[in-house]
Amino acid sequence: MNRDERVLRELVSAYGRTFAEEAGIRLKDTPQPLYRLLVLSLLLSARIRASVAVAAARALHEEHLDSPRRMAEAGRQRRVDALGRGGYRRYDERTATQLGNGAELLGRRWGGDLRRLHREAEGDVGTLRELLQEEPGIGPAGADIFLREAQRVWPDVAPYLDGKALSGAGRLGLPEDPRKLAGLAGDTQPAVLAAALVRAALDKQVVEDCLRRAG
């Protein structure tokens, strides 16, 4: 096992937990978990700690705002309150509006089912990324977050290692090339690899820990 393989092994072993898992989302290719992932992606894309975004996603779920219909029908203040309980206060007013508008658009255009959006892209990842950005509050960063996680159930997207994941690879001294990284990672799921690399990009302590463990 060479140096890069050792570093990746230590990274995935210690930090290979997807953000969906952290938020309590059992990701499947079905409407509700995909919608919850979209909401989580919107929350994570703001300039706020990932732990706060995850807590807010959990709070929305606990409030049963876990489908486009329920999110759209909920009053704006109910969404604001749920975000607040998750500690998501800096952007709560704007985000509550985006969540309502996004849920309405998703219901109107894709019948509340992100699998229809997936099919509309016809296997083109660039088109899929653009379609996701039609959702209010989902910009390039939010689309990347969604696709990094969704590749677990949408294998045609994999390996999806965006700029944030590749910056984590760079900090670890690993190749900043998706195919090379996937090859080094062996049978590690691409979504798990992506999440671990993003954690390295976000936290220098992760980098230092993995490099120390790898020797």
# chains A, B, ... in the order shown; residues from 1 in each chain; ligands from 1
>>> residues_around(residues="range 186-201 of chain A", least_positions_apart="4", cutoff="8 Å", atoms="only C-alpha atoms", output="MDAnalysis selection string")
chainID A and resid 11:12 15:19 148:152 158:161 164:169 171:172 182 205:207
>>> closest_atom_pairs(of="range 135-171 of chain A", to="range 108-120 of chain A", cutoff="12 Å", atoms="only C-alpha atoms", output="JSON lines")
{"residue": "A:Glu135", "atom": "CA", "partner": "A:Arg109", "partner_atom": "CA", "distance": 10.4}
{"residue": "A:Phe146", "atom": "CA", "partner": "A:Leu114", "partner_atom": "CA", "distance": 11.3}
{"residue": "A:Leu147", "atom": "CA", "partner": "A:His118", "partner_atom": "CA", "distance": 10.7}
{"residue": "A:Ala150", "atom": "CA", "partner": "A:His118", "partner_atom": "CA", "distance": 10.5}
{"residue": "A:Gln151", "atom": "CA", "partner": "A:His118", "partner_atom": "CA", "distance": 11.4}
{"residue": "A:Val153", "atom": "CA", "partner": "A:Arg115", "partner_atom": "CA", "distance": 10.7}
{"residue": "A:Trp154", "atom": "CA", "partner": "A:His118", "partner_atom": "CA", "distance": 8.6}
{"residue": "A:Pro155", "atom": "CA", "partner": "A:His118", "partner_atom": "CA", "distance": 11.6}
{"residue": "A:Asp156", "atom": "CA", "partner": "A:His118", "partner_atom": "CA", "distance": 10.1}
{"residue": "A:Val157", "atom": "CA", "partner": "A:His118", "partner_atom": "CA", "distance": 10.0}
>>> atom_distance(atom1="CA of Tyr88 in chain A", atom2="CA of Leu128 in chain A")
28.0 Å
>>> select_by_dssp(residues="range 104-142 of chain A", states="helix (DSSP H, G or I)", output="PDB file with N, CA, C and O atoms, in the first residue's frame")
ATOM      1  N   GLU A 104     -42.867  24.637  -3.638  1.00  0.00           N
ATOM      2  CA  GLU A 104     -43.939  24.893  -4.611  1.00  0.00           C
ATOM      3  C   GLU A 104     -43.463  24.603  -6.032  1.00  0.00           C
ATOM      4  O   GLU A 104     -44.185  23.983  -6.825  1.00  0.00           O
ATOM      5  N   LEU A 105     -42.243  25.039  -6.363  1.00  0.00           N
ATOM      6  CA  LEU A 105     -41.707  24.792  -7.705  1.00  0.00           C
ATOM      7  C   LEU A 105     -41.516  23.297  -7.949  1.00  0.00           C
ATOM      8  O   LEU A 105     -41.876  22.783  -9.018  1.00  0.00           O
ATOM      9  N   LEU A 106     -40.974  22.608  -6.969  1.00  0.00           N
ATOM     10  CA  LEU A 106     -40.744  21.169  -7.112  1.00  0.00           C
ATOM     11  C   LEU A 106     -42.065  20.433  -7.324  1.00  0.00           C
ATOM     12  O   LEU A 106     -42.157  19.526  -8.163  1.00  0.00           O
ATOM     13  N   GLY A 107     -43.081  20.828  -6.594  1.00  0.00           N
ATOM     14  CA  GLY A 107     -44.386  20.198  -6.765  1.00  0.00           C
ATOM     15  C   GLY A 107     -44.999  20.508  -8.111  1.00  0.00           C
ATOM     16  O   GLY A 107     -45.575  19.622  -8.768  1.00  0.00           O
ATOM     17  N   ARG A 108     -44.861  21.744  -8.544  1.00  0.00           N
ATOM     18  CA  ARG A 108     -45.486  22.172  -9.790  1.00  0.00           C
ATOM     19  C   ARG A 108     -44.786  21.590 -11.014  1.00  0.00           C
ATOM     20  O   ARG A 108     -45.440  21.151 -11.963  1.00  0.00           O
ATOM     21  N   ARG A 109     -43.456  21.594 -10.994  1.00  0.00           N
ATOM     22  CA  ARG A 109     -42.727  21.192 -12.197  1.00  0.00           C
ATOM     23  C   ARG A 109     -42.414  19.690 -12.245  1.00  0.00           C
ATOM     24  O   ARG A 109     -42.448  19.091 -13.329  1.00  0.00           O
ATOM     25  N   TRP A 110     -42.092  19.105 -11.088  1.00  0.00           N
ATOM     26  CA  TRP A 110     -41.666  17.702 -11.093  1.00  0.00           C
ATOM     27  C   TRP A 110     -42.549  16.824 -10.217  1.00  0.00           C
ATOM     28  O   TRP A 110     -42.142  15.730  -9.823  1.00  0.00           O
ATOM     29  N   LEU A 114     -37.972  14.295  -7.101  1.00  0.00           N
ATOM     30  CA  LEU A 114     -36.692  14.626  -7.716  1.00  0.00           C
ATOM     31  C   LEU A 114     -36.211  13.564  -8.698  1.00  0.00           C
ATOM     32  O   LEU A 114     -35.323  13.816  -9.510  1.00  0.00           O
ATOM     33  N   ARG A 115     -36.802  12.379  -8.669  1.00  0.00           N
ATOM     34  CA  ARG A 115     -36.441  11.369  -9.666  1.00  0.00           C
ATOM     35  C   ARG A 115     -36.855  11.831 -11.056  1.00  0.00           C
ATOM     36  O   ARG A 115     -36.214  11.478 -12.053  1.00  0.00           O
ATOM     37  N   ARG A 116     -37.917  12.605 -11.137  1.00  0.00           N
ATOM     38  CA  ARG A 116     -38.343  13.141 -12.438  1.00  0.00           C
ATOM     39  C   ARG A 116     -37.327  14.154 -12.954  1.00  0.00           C
ATOM     40  O   ARG A 116     -37.048  14.208 -14.160  1.00  0.00           O
ATOM     41  N   LEU A 117     -36.768  14.960 -12.047  1.00  0.00           N
ATOM     42  CA  LEU A 117     -35.709  15.892 -12.440  1.00  0.00           C
ATOM     43  C   LEU A 117     -34.506  15.103 -12.948  1.00  0.00           C
ATOM     44  O   LEU A 117     -33.900  15.462 -13.966  1.00  0.00           O
ATOM     45  N   HIS A 118     -34.175  14.030 -12.255  1.00  0.00           N
ATOM     46  CA  HIS A 118     -33.063  13.172 -12.643  1.00  0.00           C
ATOM     47  C   HIS A 118     -33.282  12.617 -14.047  1.00  0.00           C
ATOM     48  O   HIS A 118     -32.372  12.635 -14.899  1.00  0.00           O
ATOM     49  N   ARG A 119     -34.471  12.136 -14.297  1.00  0.00           N
ATOM     50  CA  ARG A 119     -34.775  11.572 -15.619  1.00  0.00           C
ATOM     51  C   ARG A 119     -34.729  12.642 -16.706  1.00  0.00           C
ATOM     52  O   ARG A 119     -34.308  12.368 -17.839  1.00  0.00           O
ATOM     53  N   GLU A 120     -35.160  13.847 -16.364  1.00  0.00           N
ATOM     54  CA  GLU A 120     -35.154  14.925 -17.356  1.00  0.00           C
ATOM     55  C   GLU A 120     -33.746  15.230 -17.846  1.00  0.00           C
ATOM     56  O   GLU A 120     -33.546  15.633 -19.006  1.00  0.00           O
ATOM     57  N   VAL A 125     -24.723  14.944 -16.427  1.00  0.00           N
ATOM     58  CA  VAL A 125     -24.518  15.494 -15.081  1.00  0.00           C
ATOM     59  C   VAL A 125     -24.559  17.021 -15.108  1.00  0.00           C
ATOM     60  O   VAL A 125     -25.072  17.650 -14.175  1.00  0.00           O
ATOM     61  N   GLY A 126     -24.040  17.630 -16.153  1.00  0.00           N
ATOM     62  CA  GLY A 126     -24.082  19.091 -16.257  1.00  0.00           C
ATOM     63  C   GLY A 126     -25.513  19.609 -16.306  1.00  0.00           C
ATOM     64  O   GLY A 126     -25.860  20.595 -15.645  1.00  0.00           O
ATOM     65  N   THR A 127     -26.355  18.939 -17.074  1.00  0.00           N
ATOM     66  CA  THR A 127     -27.766  19.319 -17.139  1.00  0.00           C
ATOM     67  C   THR A 127     -28.437  19.113 -15.790  1.00  0.00           C
ATOM     68  O   THR A 127     -29.239  19.951 -15.331  1.00  0.00           O
ATOM     69  N   LEU A 128     -28.125  18.023 -15.133  1.00  0.00           N
ATOM     70  CA  LEU A 128     -28.687  17.740 -13.819  1.00  0.00           C
ATOM     71  C   LEU A 128     -28.316  18.842 -12.834  1.00  0.00           C
ATOM     72  O   LEU A 128     -29.159  19.317 -12.055  1.00  0.00           O
ATOM     73  N   ARG A 129     -27.079  19.271 -12.872  1.00  0.00           N
ATOM     74  CA  ARG A 129     -26.608  20.340 -11.988  1.00  0.00           C
ATOM     75  C   ARG A 129     -27.351  21.645 -12.271  1.00  0.00           C
ATOM     76  O   ARG A 129     -27.710  22.385 -11.349  1.00  0.00           O
ATOM     77  N   GLU A 130     -27.593  21.921 -13.549  1.00  0.00           N
ATOM     78  CA  GLU A 130     -28.327  23.139 -13.915  1.00  0.00           C
ATOM     79  C   GLU A 130     -29.781  23.072 -13.464  1.00  0.00           C
ATOM     80  O   GLU A 130     -30.340  24.069 -12.972  1.00  0.00           O
ATOM     81  N   LEU A 131     -30.414  21.918 -13.623  1.00  0.00           N
ATOM     82  CA  LEU A 131     -31.802  21.770 -13.214  1.00  0.00           C
ATOM     83  C   LEU A 131     -31.957  21.954 -11.705  1.00  0.00           C
ATOM     84  O   LEU A 131     -32.919  22.588 -11.240  1.00  0.00           O
ATOM     85  N   LEU A 132     -31.031  21.433 -10.940  1.00  0.00           N
ATOM     86  CA  LEU A 132     -31.088  21.600  -9.488  1.00  0.00           C
ATOM     87  C   LEU A 132     -31.038  23.068  -9.103  1.00  0.00           C
ATOM     88  O   LEU A 132     -31.697  23.505  -8.143  1.00  0.00           O
ATOM     89  N   PRO A 140     -24.678  26.940  -7.292  1.00  0.00           N
ATOM     90  CA  PRO A 140     -23.662  25.938  -7.659  1.00  0.00           C
ATOM     91  C   PRO A 140     -23.188  25.103  -6.475  1.00  0.00           C
ATOM     92  O   PRO A 140     -23.037  23.887  -6.596  1.00  0.00           O
ATOM     93  N   ALA A 141     -22.959  25.743  -5.326  1.00  0.00           N
ATOM     94  CA  ALA A 141     -22.480  25.006  -4.152  1.00  0.00           C
ATOM     95  C   ALA A 141     -23.540  24.014  -3.672  1.00  0.00           C
ATOM     96  O   ALA A 141     -23.230  22.863  -3.347  1.00  0.00           O
ATOM     97  N   GLY A 142     -24.791  24.445  -3.627  1.00  0.00           N
ATOM     98  CA  GLY A 142     -25.866  23.558  -3.191  1.00  0.00           C
ATOM     99  C   GLY A 142     -26.061  22.384  -4.122  1.00  0.00           C
ATOM    100  O   GLY A 142     -26.297  21.247  -3.673  1.00  0.00           O
TER     101      GLY A 142
END
>>> residues_around(residues="Ala20 in chain A", least_positions_apart="4", cutoff="7 Å", atoms="only C-alpha atoms", output="PyMOL selection string")
chain A and resi 24-25+37
>>> write_last_selection(atoms="all heavy atoms", output="PDB file, in the first residue's frame")
ATOM      1  N   GLY A  24     -29.442  12.104   9.712  1.00  0.00           N
ATOM      2  CA  GLY A  24     -30.457  11.093   9.954  1.00  0.00           C
ATOM      3  C   GLY A  24     -31.265  10.715   8.732  1.00  0.00           C
ATOM      4  O   GLY A  24     -32.360  10.159   8.852  1.00  0.00           O
ATOM      5  N   ILE A  25     -30.738  10.988   7.547  1.00  0.00           N
ATOM      6  CA  ILE A  25     -31.440  10.669   6.304  1.00  0.00           C
ATOM      7  C   ILE A  25     -30.973   9.305   5.809  1.00  0.00           C
ATOM      8  O   ILE A  25     -29.797   9.117   5.499  1.00  0.00           O
ATOM      9  CB  ILE A  25     -31.165  11.732   5.216  1.00  0.00           C
ATOM     10  CG1 ILE A  25     -31.603  13.118   5.690  1.00  0.00           C
ATOM     11  CG2 ILE A  25     -31.877  11.355   3.910  1.00  0.00           C
ATOM     12  CD1 ILE A  25     -31.152  14.241   4.774  1.00  0.00           C
ATOM     13  N   LEU A  37     -32.677  15.456   1.366  1.00  0.00           N
ATOM     14  CA  LEU A  37     -31.303  15.743   0.960  1.00  0.00           C
ATOM     15  C   LEU A  37     -31.226  17.105   0.277  1.00  0.00           C
ATOM     16  O   LEU A  37     -30.268  17.863   0.491  1.00  0.00           O
ATOM     17  CB  LEU A  37     -30.784  14.650   0.035  1.00  0.00           C
ATOM     18  CG  LEU A  37     -29.389  14.891  -0.548  1.00  0.00           C
ATOM     19  CD1 LEU A  37     -28.340  15.034   0.555  1.00  0.00           C
ATOM     20  CD2 LEU A  37     -29.005  13.765  -1.505  1.00  0.00           C
TER      21      LEU A  37
END
